[in-house]
Amino acid sequence: MDKFEQAFNEIIEKDLKVEPRDWMPEKYRKNLIRQISQHAHSEVIGMQPEGNWLLRAPSLRSKQVLLAKIQDEAGHGLYLYSVAETLGISRQEMNAQLHSGEAKYSSIFNYPTLTWADMGAVGWLVDGAAIVNQVSLQRTSYGPYSRGMVRICKEESFHQRQGYEIMVQMANGTPEQKEMAQDALNRFWEPSLMMFGPHDADSAHSSQSMAWKIKRESNDHLRQRFIDRTVPQAHFLGLTIPDENLKFNEETGHWETSPFNWDEFWNVIKGNGPCNRERLDHHKKAHNENAWVREAAAAYASKVETSVA
Amino acid sequence: MESGDRTWEVFLQKKPGLAFKHAGSCHGYDKKMAIQNARDLYTRRGEGRALWVVPTEAIVSVPLDDAEAFFDPGEDKAYRHATFYKIPDGVSHL
Amino acid sequence: MKLELQHDESKFLIRLADTSVILGQRLAEMCSCGPFLEEDMALSNISLDLFGRAEELYKLICKIEGADYTPDDLVYRRNEREYYNIKLVEQPNEDFAWVIARQFFHDLYAETLFGQLTTSSNAELAGLAVKVLKEIKYSHMHAADWMDRLGLGTEESNHRLQYAVDHLRKYIVEIFDFDDLDRRFIADTASLETTWRNAVSAKLQACNIEEKEIVTPSIRDFRDGYHSEHMGNLLSIMQYLPRAYPDAKW
């Protein structure tokens with residue numbers, strides 16, 4: 001083992017950070033590129049289900065808050081693409097991987113947002129789940145990713161509050177609003193739990209990611225944390241979690257749920273969710289129909305800017 | 001790489017008196033676009049009052065193979081630090 | 001809602017407020033539809049500035065009127081003939097060139113207009129004008145830079161920009177057809193027009209876009225609540241929820 005490999009192992013062991021300059025196993029690099037670029041794609045695709053209700057936001061406040069949130073998501077995508085670029089992949093390559101289906105993104109965004117209440121449910125549950133995951137990732141071993149996550153976590157907390165604020169308003173509103181809120185919870189509860197990924201035993205990448213401290217806590221562990229936090233929040237709203245087997249275990253101090261519908265999970269990941277095609281088509285359309293804009297920008301830059309630095 | 005799109009390194013100064021800090025990178029086809037993109041991405045919450053963008057390829061860095069030669073020698077010259085020196089008791093302003 | 005504004009100042013300000021909110025809405029449509037992610041960011045920033053500006057102006061109006069309605073009532077419960085925005089801003093996002101040309105024309109106008117409002121006798125309005133000028137300046141810079149890129153970039157981008165400019169210019173005439181209300185609250189309407197026209201001519205020339213002869217179209221004035229067909233569609237989307245659930249609080 002040469003000194004660089006030894007240095008890498010020591011960094012991982014001592015909970016220090018790997019930086020772009022350091023030697024890293026090719027598999028570590030590839031694992032990170034996959035995880036970070038897919039994280040970035042998730043942020044970007046996530047703009048679509050929320051953008052769906054942006055134009056119909058029912059108050060100036062809710063419109064501005066939702067737009068600021070979606071904008072933050074674009075920003076998070078940009079931070080993460082930048083982090084991935086430090087590992088030797090280009091934005092263009094990542095874009096191509098997204099379009100070809102080679103790269104995945106969080107399957108929650110393949111679900112449709114059917115009513116305004118979904119803006120509440122998405123902010124509360126989807127961002128809530130993302131926060132649990134992202135807080136954990138702040139301690140990831142790759143320096144730029146860790147720093148990116150710290151930044152993202154600071155910004156993310158308002159996202160969940162934005163969603164919960166909508167849920168509170170609707171749960172305490174007219175009977176129609178309350179029904180809309182319950183319906184949104186019914187549809188987003190289980191998909192949100194799936195955001196944490198398969199049970200650790202069924203996850204291909206998990207154990208290597210844990211060994212390299214890319215991932216700091218297991219899927220199931222993070223999922224349980226999310227469930228324990230969220231159930232009381234739902235009770236506060238006076239809404240019912242759509243799980244008849246949900247019960248609190250006094251001994252463990254955790255909320256227990258029904259087994260999940262993994263068939264749906266794998267089906268959505270494979271591309272057969274409600275909106276997989278629509279999400280990708282939308283992204284491709286925006287990209288392709290605006291190729292002329294990028295060409296113009298490139299042509300203009302080459303005319304006016306001749307120096308590199 | 002689709003031609004024309006470039007990456008830039010972004011440096012932010014939170015307020016006068018503080019040093020510029022590397023905030024990350026951004027994209028842009030030209031200087032004006034790059035600095036506006038950097039502003040939109042890194043200063044939405046008042047994180048800085050001054051901004052630099054530098055084309056990524058302009059950054060010169062120390063390659064891994066040279067890191068030891070560049071930096072290790074600086075770590076074992078204790079005489080460059082004040083703590084190396086013993087000052088007798090009773091003497092002040094030293 | 002039947003909007004009965006009692007004060008001339010509100011009747012003037014509502015034109016600015018409506019222009020801001022409608023343009024904000026058009027830019028919000030561009031979310032996840034831009035040429036690249038950075039531009040999604042840039043356009044949503046400008047959109048946020050516009051919604052914020054609209055909200056402040058509506059608040060001012062409510063205050064002047066001593067009204068029991070709110071900015072949200074003004075935005076969500078007035079119909080097509082009760083809005084007083086310039087038609088320029090309701091034009092659709094046909095392509096990115098339309099987005100940029102529309103923004104450039106609007107920002108030049110807004111910058112000069114709000115520049116004059118900084119000396120308003122209404123201290124709150126003057127203060128707001130000072131604040132929004134900074135936002136408008138940034139937006140204007142962004143739009144002007146893109147005018148250059150599109151005008152001078154490729155043959156295709158130039159043609160698309162030319163097409164957008166030709167179409168949008170037909171909605172400029174009404175802006176400078178000032179009425180008594182404008183002359184009361186805008187210190188110097190003549191210079192507002194010449195500043196705009198000179199800056200636009202200079203820019204179009206610099207970015208290789210022809211400033212064609214425009215025949216004054218027979219279009220009714222935005223000041224009387226006349227719009228293009230786009231307005232109804234835009235409002236029906238924007239106003240859907242409060243109108244579908246009129247008893248609900250949003």
# chains A, B, ... in the order shown; residues from 1 in each chain; ligands from 1

call {"tool": "select_by_dssp", "arguments": {"residues": "segment 26-223 of chain C", "states": "helix (DSSP H, G or I)", "output": "PyMOL selection string"}}
result
chain C and resi 26-28+37-65+71-76+80-82+87-90+96-117+123-152+155-171+173-176+180-185+189-206+222-223

call {"tool": "closest_atom_pairs", "arguments": {"of": "chain C", "to": "chain A", "cutoff": "6 Å", "atoms": "only C-alpha atoms", "output": "CSV"}}
result
residue,atom,partner,partner_atom,distance
C:Cys33,CA,A:Ala286,CA,5.0
C:Pro35,CA,A:Asn290,CA,4.9
C:Met41,CA,A:Gln71,CA,5.8
C:Asp72,CA,A:Ser59,CA,5.8
C:Arg149,CA,A:Tyr300,CA,5.4
C:Leu150,CA,A:Ala296,CA,5.8
C:Gly153,CA,A:Ala296,CA,4.2
C:Thr154,CA,A:Ala296,CA,5.1
C:Ile237,CA,A:Arg56,CA,5.8
C:Met238,CA,A:Arg56,CA,4.7
C:Leu241,CA,A:Pro58,CA,5.7
C:Ala248,CA,A:Thr174,CA,5.9
C:Trp250,CA,A:Pro58,CA,6.0

call {"tool": "write_last_selection", "arguments": {"atoms": "N, CA, C and O atoms", "output": "PDB file, in the first residue's frame"}}
result
ATOM      1  N   CYS C  33     -37.860  26.160 -16.567  1.00  0.00           N
ATOM      2  CA  CYS C  33     -38.009  26.172 -18.022  1.00  0.00           C
ATOM      3  C   CYS C  33     -36.910  26.960 -18.716  1.00  0.00           C
ATOM      4  O   CYS C  33     -36.987  27.193 -19.915  1.00  0.00           O
ATOM      5  N   PRO C  35     -32.944  28.234 -20.019  1.00  0.00           N
ATOM      6  CA  PRO C  35     -31.908  27.590 -20.829  1.00  0.00           C
ATOM      7  C   PRO C  35     -30.885  26.822 -20.008  1.00  0.00           C
ATOM      8  O   PRO C  35     -30.225  25.913 -20.510  1.00  0.00           O
ATOM      9  N   MET C  41     -32.539  30.478 -11.652  1.00  0.00           N
ATOM     10  CA  MET C  41     -32.247  31.227 -10.424  1.00  0.00           C
ATOM     11  C   MET C  41     -32.428  32.716 -10.644  1.00  0.00           C
ATOM     12  O   MET C  41     -33.058  33.415  -9.857  1.00  0.00           O
ATOM     13  N   ASP C  72     -53.974  40.978  -0.867  1.00  0.00           N
ATOM     14  CA  ASP C  72     -54.427  39.723  -1.475  1.00  0.00           C
ATOM     15  C   ASP C  72     -55.799  39.882  -2.138  1.00  0.00           C
ATOM     16  O   ASP C  72     -56.058  39.336  -3.206  1.00  0.00           O
ATOM     17  N   ARG C 149     -26.100  39.408 -25.762  1.00  0.00           N
ATOM     18  CA  ARG C 149     -25.777  38.017 -26.120  1.00  0.00           C
ATOM     19  C   ARG C 149     -26.678  37.510 -27.233  1.00  0.00           C
ATOM     20  O   ARG C 149     -26.235  36.816 -28.142  1.00  0.00           O
ATOM     21  N   LEU C 150     -27.957  37.843 -27.140  1.00  0.00           N
ATOM     22  CA  LEU C 150     -28.891  37.336 -28.145  1.00  0.00           C
ATOM     23  C   LEU C 150     -28.776  38.118 -29.451  1.00  0.00           C
ATOM     24  O   LEU C 150     -28.788  37.542 -30.531  1.00  0.00           O
ATOM     25  N   GLY C 153     -25.107  37.299 -30.736  1.00  0.00           N
ATOM     26  CA  GLY C 153     -24.630  35.924 -30.620  1.00  0.00           C
ATOM     27  C   GLY C 153     -24.601  35.188 -31.946  1.00  0.00           C
ATOM     28  O   GLY C 153     -23.571  35.120 -32.629  1.00  0.00           O
ATOM     29  N   THR C 154     -25.762  34.615 -32.297  1.00  0.00           N
ATOM     30  CA  THR C 154     -25.842  33.861 -33.555  1.00  0.00           C
ATOM     31  C   THR C 154     -26.948  34.469 -34.427  1.00  0.00           C
ATOM     32  O   THR C 154     -27.740  35.293 -33.958  1.00  0.00           O
ATOM     33  N   ILE C 237     -55.662  31.414 -13.930  1.00  0.00           N
ATOM     34  CA  ILE C 237     -54.717  30.522 -13.252  1.00  0.00           C
ATOM     35  C   ILE C 237     -54.336  31.115 -11.900  1.00  0.00           C
ATOM     36  O   ILE C 237     -54.405  30.452 -10.860  1.00  0.00           O
ATOM     37  N   MET C 238     -53.939  32.372 -11.918  1.00  0.00           N
ATOM     38  CA  MET C 238     -53.431  32.995 -10.695  1.00  0.00           C
ATOM     39  C   MET C 238     -54.484  33.036  -9.589  1.00  0.00           C
ATOM     40  O   MET C 238     -54.175  32.837  -8.419  1.00  0.00           O
ATOM     41  N   LEU C 241     -57.559  29.490  -6.771  1.00  0.00           N
ATOM     42  CA  LEU C 241     -57.893  28.952  -5.447  1.00  0.00           C
ATOM     43  C   LEU C 241     -58.839  29.833  -4.637  1.00  0.00           C
ATOM     44  O   LEU C 241     -59.874  29.351  -4.166  1.00  0.00           O
ATOM     45  N   ALA C 248     -62.705  30.271   2.173  1.00  0.00           N
ATOM     46  CA  ALA C 248     -61.508  29.799   2.863  1.00  0.00           C
ATOM     47  C   ALA C 248     -60.516  30.925   3.056  1.00  0.00           C
ATOM     48  O   ALA C 248     -60.450  31.865   2.267  1.00  0.00           O
ATOM     49  N   TRP C 250     -56.662  31.893   3.021  1.00  0.00           N
ATOM     50  CA  TRP C 250     -55.442  31.341   2.414  1.00  0.00           C
ATOM     51  C   TRP C 250     -54.219  32.093   2.888  1.00  0.00           C
ATOM     52  O   TRP C 250     -54.120  33.274   2.744  1.00  0.00           O
TER      53      TRP C 250
END

call {"tool": "closest_atom_pairs", "arguments": {"of": "chain C", "to": "chain B", "cutoff": "10 Å", "atoms": "only C-alpha atoms", "output": "CSV"}}
result
residue,atom,partner,partner_atom,distance
C:Phe36,CA,B:His27,CA,9.9
C:Leu37,CA,B:His27,CA,9.7
C:Glu38,CA,B:Asn37,CA,6.2
C:Glu39,CA,B:Asn37,CA,8.0
C:Met41,CA,B:Asp40,CA,6.8
C:Ala42,CA,B:Asp40,CA,6.4
C:Leu43,CA,B:Asp40,CA,9.9
C:Ser44,CA,B:Asp40,CA,9.9
C:Asn45,CA,B:Asp40,CA,7.6
C:Tyr138,CA,B:Gln36,CA,9.0
C:Met141,CA,B:Lys32,CA,9.3
C:His142,CA,B:Gln36,CA,7.8
C:Asp145,CA,B:Lys32,CA,7.7
C:Trp146,CA,B:Met33,CA,9.0
C:Arg149,CA,B:Asp30,CA,9.9

call {"tool": "write_last_selection", "arguments": {"atoms": "N, CA, C and O atoms", "output": "mmCIF file, in the first residue's frame"}}
result
data_model
loop_
_atom_site.group_PDB
_atom_site.id
_atom_site.type_symbol
_atom_site.label_atom_id
_atom_site.label_comp_id
_atom_site.auth_asym_id
_atom_site.auth_seq_id
_atom_site.Cartn_x
_atom_site.Cartn_y
_atom_site.Cartn_z
ATOM 1 N N PHE C 36 -30.703 27.196 -18.755
ATOM 2 C CA PHE C 36 -29.893 26.425 -17.817
ATOM 3 C C PHE C 36 -30.287 26.850 -16.406
ATOM 4 O O PHE C 36 -30.961 27.849 -16.202
ATOM 5 N N LEU C 37 -29.848 26.071 -15.459
ATOM 6 C CA LEU C 37 -30.301 26.224 -14.078
ATOM 7 C C LEU C 37 -30.005 27.612 -13.510
ATOM 8 O O LEU C 37 -30.809 28.183 -12.775
ATOM 9 N N GLU C 38 -28.869 28.169 -13.884
ATOM 10 C CA GLU C 38 -28.486 29.481 -13.360
ATOM 11 C C GLU C 38 -29.503 30.547 -13.786
ATOM 12 O O GLU C 38 -29.768 31.508 -13.060
ATOM 13 N N GLU C 39 -30.052 30.369 -14.949
ATOM 14 C CA GLU C 39 -31.021 31.346 -15.434
ATOM 15 C C GLU C 39 -32.365 31.162 -14.726
ATOM 16 O O GLU C 39 -33.091 32.132 -14.498
ATOM 17 N N MET C 41 -32.539 30.478 -11.652
ATOM 18 C CA MET C 41 -32.247 31.227 -10.424
ATOM 19 C C MET C 41 -32.428 32.716 -10.644
ATOM 20 O O MET C 41 -33.058 33.415 -9.857
ATOM 21 N N ALA C 42 -31.809 33.202 -11.721
ATOM 22 C CA ALA C 42 -31.811 34.643 -11.992
ATOM 23 C C ALA C 42 -33.236 35.141 -12.201
ATOM 24 O O ALA C 42 -33.646 36.153 -11.623
ATOM 25 N N LEU C 43 -34.006 34.428 -12.997
ATOM 26 C CA LEU C 43 -35.376 34.870 -13.294
ATOM 27 C C LEU C 43 -36.267 34.766 -12.064
ATOM 28 O O LEU C 43 -37.138 35.617 -11.855
ATOM 29 N N SER C 44 -36.060 33.740 -11.235
ATOM 30 C CA SER C 44 -36.904 33.666 -10.033
ATOM 31 C C SER C 44 -36.549 34.772 -9.048
ATOM 32 O O SER C 44 -37.416 35.265 -8.332
ATOM 33 N N ASN C 45 -35.308 35.188 -9.045
ATOM 34 C CA ASN C 45 -34.909 36.317 -8.201
ATOM 35 C C ASN C 45 -35.649 37.583 -8.604
ATOM 36 O O ASN C 45 -36.173 38.308 -7.759
ATOM 37 N N TYR C 138 -30.345 45.981 -10.974
ATOM 38 C CA TYR C 138 -29.747 44.665 -11.176
ATOM 39 C C TYR C 138 -30.466 43.900 -12.293
ATOM 40 O O TYR C 138 -29.843 43.311 -13.168
ATOM 41 N N MET C 141 -29.568 45.325 -15.630
ATOM 42 C CA MET C 141 -28.223 44.912 -16.016
ATOM 43 C C MET C 141 -28.275 43.513 -16.640
ATOM 44 O O MET C 141 -27.730 43.248 -17.702
ATOM 45 N N HIS C 142 -28.991 42.634 -15.960
ATOM 46 C CA HIS C 142 -29.124 41.255 -16.418
ATOM 47 C C HIS C 142 -29.780 41.207 -17.804
ATOM 48 O O HIS C 142 -29.310 40.545 -18.719
ATOM 49 N N ASP C 145 -27.509 42.742 -20.583
ATOM 50 C CA ASP C 145 -26.429 41.818 -20.966
ATOM 51 C C ASP C 145 -26.969 40.736 -21.898
ATOM 52 O O ASP C 145 -26.313 40.360 -22.872
ATOM 53 N N TRP C 146 -28.157 40.244 -21.610
ATOM 54 C CA TRP C 146 -28.733 39.202 -22.471
ATOM 55 C C TRP C 146 -29.170 39.753 -23.830
ATOM 56 O O TRP C 146 -29.131 39.046 -24.829
ATOM 57 N N ARG C 149 -26.100 39.408 -25.762
ATOM 58 C CA ARG C 149 -25.777 38.017 -26.120
ATOM 59 C C ARG C 149 -26.678 37.510 -27.233
ATOM 60 O O ARG C 149 -26.235 36.816 -28.142
#

call {"tool": "closest_residue", "arguments": {"among": "A:Leu16, A:Met1, A:Leu239, A:Met94", "to": "chain B", "atoms": "only C-alpha atoms"}}
result
A:Met94

call {"tool": "interface_residues", "arguments": {"of": "chain B", "to": "chain A", "cutoff": "8 Å", "atoms": "only C-alpha atoms", "output": "list in words"}}
result
Met1, Glu2, Ser3, Gly4, Asp5, Gly24, Ser25, Cys26, Tyr29, Asp30, Leu41, Val54, Pro55, Ala58, Pro63 and Leu64 of chain B

call {"tool": "atom_distance", "arguments": {"atom1": "atom CA of Phe178 of chain C", "atom2": "atom CA of Thr19 of chain C"}}
result
15.8 Å

call {"tool": "residues_around", "arguments": {"residues": "Gly48 of chain B", "least_positions_apart": "4", "cutoff": "10 Å", "atoms": "only C-alpha atoms", "output": "PDB file with all heavy atoms, in the first residue's frame"}}
result
ATOM      1  N   PHE B  11     -15.262  33.831  -4.640  1.00  0.00           N
ATOM      2  CA  PHE B  11     -14.712  34.292  -3.358  1.00  0.00           C
ATOM      3  C   PHE B  11     -15.598  35.408  -2.837  1.00  0.00           C
ATOM      4  O   PHE B  11     -15.951  36.333  -3.552  1.00  0.00           O
ATOM      5  CB  PHE B  11     -13.273  34.793  -3.541  1.00  0.00           C
ATOM      6  CG  PHE B  11     -12.339  33.726  -4.037  1.00  0.00           C
ATOM      7  CD1 PHE B  11     -12.220  33.454  -5.393  1.00  0.00           C
ATOM      8  CD2 PHE B  11     -11.580  32.980  -3.136  1.00  0.00           C
ATOM      9  CE1 PHE B  11     -11.365  32.452  -5.856  1.00  0.00           C
ATOM     10  CE2 PHE B  11     -10.726  31.982  -3.589  1.00  0.00           C
ATOM     11  CZ  PHE B  11     -10.618  31.716  -4.949  1.00  0.00           C
ATOM     12  N   LEU B  12     -15.921  35.313  -1.550  1.00  0.00           N
ATOM     13  CA  LEU B  12     -16.840  36.268  -0.940  1.00  0.00           C
ATOM     14  C   LEU B  12     -16.184  36.989   0.225  1.00  0.00           C
ATOM     15  O   LEU B  12     -15.520  36.353   1.046  1.00  0.00           O
ATOM     16  CB  LEU B  12     -18.024  35.509  -0.322  1.00  0.00           C
ATOM     17  CG  LEU B  12     -19.275  35.230  -1.117  1.00  0.00           C
ATOM     18  CD1 LEU B  12     -20.275  34.555  -0.206  1.00  0.00           C
ATOM     19  CD2 LEU B  12     -19.876  36.521  -1.649  1.00  0.00           C
ATOM     20  N   GLN B  13     -16.454  38.295   0.324  1.00  0.00           N
ATOM     21  CA  GLN B  13     -16.032  39.013   1.528  1.00  0.00           C
ATOM     22  C   GLN B  13     -17.290  39.409   2.259  1.00  0.00           C
ATOM     23  O   GLN B  13     -18.109  40.172   1.736  1.00  0.00           O
ATOM     24  CB  GLN B  13     -15.218  40.252   1.155  1.00  0.00           C
ATOM     25  CG  GLN B  13     -14.684  40.999   2.375  1.00  0.00           C
ATOM     26  CD  GLN B  13     -14.069  42.343   2.030  1.00  0.00           C
ATOM     27  OE1 GLN B  13     -14.632  43.101   1.261  1.00  0.00           O
ATOM     28  NE2 GLN B  13     -12.921  42.644   2.605  1.00  0.00           N
ATOM     29  N   LYS B  14     -17.475  38.895   3.448  1.00  0.00           N
ATOM     30  CA  LYS B  14     -18.719  39.147   4.162  1.00  0.00           C
ATOM     31  C   LYS B  14     -18.889  40.628   4.465  1.00  0.00           C
ATOM     32  O   LYS B  14     -19.945  41.208   4.263  1.00  0.00           O
ATOM     33  CB  LYS B  14     -18.796  38.334   5.452  1.00  0.00           C
ATOM     34  CG  LYS B  14     -20.079  38.614   6.205  1.00  0.00           C
ATOM     35  CD  LYS B  14     -20.625  37.413   6.967  1.00  0.00           C
ATOM     36  CE  LYS B  14     -21.890  37.772   7.716  1.00  0.00           C
ATOM     37  NZ  LYS B  14     -23.052  37.901   6.822  1.00  0.00           N
ATOM     38  N   LYS B  15     -17.833  41.228   4.989  1.00  0.00           N
ATOM     39  CA  LYS B  15     -17.872  42.677   5.206  1.00  0.00           C
ATOM     40  C   LYS B  15     -16.450  43.195   5.248  1.00  0.00           C
ATOM     41  O   LYS B  15     -15.500  42.417   5.440  1.00  0.00           O
ATOM     42  CB  LYS B  15     -18.643  43.017   6.482  1.00  0.00           C
ATOM     43  CG  LYS B  15     -18.210  42.285   7.710  1.00  0.00           C
ATOM     44  CD  LYS B  15     -19.127  42.596   8.885  1.00  0.00           C
ATOM     45  CE  LYS B  15     -18.570  41.914  10.131  1.00  0.00           C
ATOM     46  NZ  LYS B  15     -19.388  42.054  11.287  1.00  0.00           N
ATOM     47  N   PRO B  16     -16.290  44.521   5.096  1.00  0.00           N
ATOM     48  CA  PRO B  16     -14.933  45.080   5.082  1.00  0.00           C
ATOM     49  C   PRO B  16     -14.183  44.706   6.347  1.00  0.00           C
ATOM     50  O   PRO B  16     -14.740  44.656   7.430  1.00  0.00           O
ATOM     51  CB  PRO B  16     -15.183  46.597   5.031  1.00  0.00           C
ATOM     52  CG  PRO B  16     -16.543  46.749   4.473  1.00  0.00           C
ATOM     53  CD  PRO B  16     -17.327  45.545   4.894  1.00  0.00           C
ATOM     54  N   PHE B  20     -11.396  37.633   1.981  1.00  0.00           N
ATOM     55  CA  PHE B  20     -12.242  36.929   1.020  1.00  0.00           C
ATOM     56  C   PHE B  20     -12.112  35.436   1.287  1.00  0.00           C
ATOM     57  O   PHE B  20     -11.018  34.939   1.559  1.00  0.00           O
ATOM     58  CB  PHE B  20     -11.781  37.234  -0.412  1.00  0.00           C
ATOM     59  CG  PHE B  20     -12.320  38.530  -0.948  1.00  0.00           C
ATOM     60  CD1 PHE B  20     -11.760  39.740  -0.594  1.00  0.00           C
ATOM     61  CD2 PHE B  20     -13.417  38.531  -1.811  1.00  0.00           C
ATOM     62  CE1 PHE B  20     -12.275  40.933  -1.086  1.00  0.00           C
ATOM     63  CE2 PHE B  20     -13.939  39.724  -2.312  1.00  0.00           C
ATOM     64  CZ  PHE B  20     -13.360  40.928  -1.945  1.00  0.00           C
ATOM     65  N   LYS B  21     -13.228  34.739   1.227  1.00  0.00           N
ATOM     66  CA  LYS B  21     -13.222  33.284   1.462  1.00  0.00           C
ATOM     67  C   LYS B  21     -13.763  32.575   0.235  1.00  0.00           C
ATOM     68  O   LYS B  21     -14.712  33.043  -0.386  1.00  0.00           O
ATOM     69  CB  LYS B  21     -14.159  32.968   2.645  1.00  0.00           C
ATOM     70  CG  LYS B  21     -13.459  32.636   3.946  1.00  0.00           C
ATOM     71  CD  LYS B  21     -14.462  32.425   5.071  1.00  0.00           C
ATOM     72  CE  LYS B  21     -15.068  31.026   5.056  1.00  0.00           C
ATOM     73  NZ  LYS B  21     -15.789  30.738   6.310  1.00  0.00           N
ATOM     74  N   ARG B  39     -23.459  35.901  -7.635  1.00  0.00           N
ATOM     75  CA  ARG B  39     -24.256  36.717  -6.724  1.00  0.00           C
ATOM     76  C   ARG B  39     -25.578  36.026  -6.407  1.00  0.00           C
ATOM     77  O   ARG B  39     -26.000  35.938  -5.254  1.00  0.00           O
ATOM     78  CB  ARG B  39     -24.498  38.093  -7.370  1.00  0.00           C
ATOM     79  CG  ARG B  39     -25.394  39.026  -6.589  1.00  0.00           C
ATOM     80  CD  ARG B  39     -26.841  38.951  -7.033  1.00  0.00           C
ATOM     81  NE  ARG B  39     -27.598  40.151  -6.684  1.00  0.00           N
ATOM     82  CZ  ARG B  39     -28.891  40.312  -6.882  1.00  0.00           C
ATOM     83  NH1 ARG B  39     -29.599  39.357  -7.430  1.00  0.00           N
ATOM     84  NH2 ARG B  39     -29.496  41.437  -6.542  1.00  0.00           N
ATOM     85  N   TYR B  42     -24.699  32.667  -4.238  1.00  0.00           N
ATOM     86  CA  TYR B  42     -24.003  32.698  -2.956  1.00  0.00           C
ATOM     87  C   TYR B  42     -24.328  33.867  -2.043  1.00  0.00           C
ATOM     88  O   TYR B  42     -23.823  33.925  -0.926  1.00  0.00           O
ATOM     89  CB  TYR B  42     -22.483  32.659  -3.189  1.00  0.00           C
ATOM     90  CG  TYR B  42     -22.004  31.331  -3.727  1.00  0.00           C
ATOM     91  CD1 TYR B  42     -21.659  31.180  -5.068  1.00  0.00           C
ATOM     92  CD2 TYR B  42     -21.922  30.208  -2.895  1.00  0.00           C
ATOM     93  CE1 TYR B  42     -21.241  29.953  -5.566  1.00  0.00           C
ATOM     94  CE2 TYR B  42     -21.508  28.979  -3.381  1.00  0.00           C
ATOM     95  CZ  TYR B  42     -21.170  28.857  -4.721  1.00  0.00           C
ATOM     96  OH  TYR B  42     -20.758  27.645  -5.210  1.00  0.00           O
ATOM     97  N   THR B  43     -25.157  34.826  -2.503  1.00  0.00           N
ATOM     98  CA  THR B  43     -25.386  35.969  -1.616  1.00  0.00           C
ATOM     99  C   THR B  43     -26.862  36.287  -1.393  1.00  0.00           C
ATOM    100  O   THR B  43     -27.213  37.410  -1.053  1.00  0.00           O
ATOM    101  CB  THR B  43     -24.678  37.249  -2.132  1.00  0.00           C
ATOM    102  OG1 THR B  43     -25.353  37.742  -3.302  1.00  0.00           O
ATOM    103  CG2 THR B  43     -23.225  37.005  -2.463  1.00  0.00           C
ATOM    104  N   ARG B  44     -27.728  35.317  -1.550  1.00  0.00           N
ATOM    105  CA  ARG B  44     -29.158  35.596  -1.371  1.00  0.00           C
ATOM    106  C   ARG B  44     -29.508  35.937   0.057  1.00  0.00           C
ATOM    107  O   ARG B  44     -30.537  36.557   0.335  1.00  0.00           O
ATOM    108  CB  ARG B  44     -30.016  34.405  -1.816  1.00  0.00           C
ATOM    109  CG  ARG B  44     -30.040  34.189  -3.304  1.00  0.00           C
ATOM    110  CD  ARG B  44     -31.233  33.323  -3.737  1.00  0.00           C
ATOM    111  NE  ARG B  44     -31.329  32.055  -3.043  1.00  0.00           N
ATOM    112  CZ  ARG B  44     -30.569  31.005  -3.268  1.00  0.00           C
ATOM    113  NH1 ARG B  44     -29.604  31.077  -4.156  1.00  0.00           N
ATOM    114  NH2 ARG B  44     -30.746  29.882  -2.588  1.00  0.00           N
TER     115      ARG B  44
END

call {"tool": "atom_distance", "arguments": {"atom1": "atom CA of Arg223 of chain A", "atom2": "atom CA of Ala103 of chain A"}}
result
23.3 Å

call {"tool": "atom_distance", "arguments": {"atom1": "atom CA of Gly24 of chain C", "atom2": "atom CA of Asp107 of chain C"}}
result
12.5 Å

call {"tool": "select_by_dssp", "arguments": {"residues": "segment 193-258 of chain A", "states": "strand (DSSP E or B)", "output": "ChimeraX atom specification"}}
result
/A:247-249,254-256

call {"tool": "residues_around", "arguments": {"residues": "Phe96 of chain C", "least_positions_apart": "2", "cutoff": "9 Å", "atoms": "only C-alpha atoms", "output": "mmCIF file with C-alpha atoms, in the first residue's frame"}}
result
data_model
loop_
_atom_site.group_PDB
_atom_site.id
_atom_site.type_symbol
_atom_site.label_atom_id
_atom_site.label_comp_id
_atom_site.auth_asym_id
_atom_site.auth_seq_id
_atom_site.Cartn_x
_atom_site.Cartn_y
_atom_site.Cartn_z
ATOM 1 C CA ASN A 290 -33.161 26.487 -25.411
ATOM 2 C CA VAL A 293 -29.729 30.422 -26.203
ATOM 3 C CA GLY C 34 -34.890 28.262 -18.560
ATOM 4 C CA PRO C 35 -31.908 27.590 -20.829
ATOM 5 C CA ASN C 93 -43.001 33.746 -22.661
ATOM 6 C CA GLU C 94 -42.967 32.694 -26.309
ATOM 7 C CA TRP C 98 -39.426 37.440 -25.479
ATOM 8 C CA VAL C 99 -38.585 37.105 -21.783
ATOM 9 C CA ILE C 100 -35.468 39.224 -22.188
ATOM 10 C CA ALA C 101 -36.873 41.885 -24.509
ATOM 11 C CA ARG C 160 -35.608 35.532 -32.473
ATOM 12 C CA LEU C 161 -34.765 38.725 -30.616
#

call {"tool": "residues_around", "arguments": {"residues": "segment 206-214 of chain C", "least_positions_apart": "6", "cutoff": "9 Å", "atoms": "only C-alpha atoms", "output": "ChimeraX atom specification"}}
result
/C:147-152,158-159,161-162,165-166,169-170

call {"tool": "residues_around", "arguments": {"residues": "Phe222 of chain C", "least_positions_apart": "6", "cutoff": "9 Å", "atoms": "only C-alpha atoms", "output": "PyMOL selection string"}}
result
chain C and resi 15+83-87+174-175
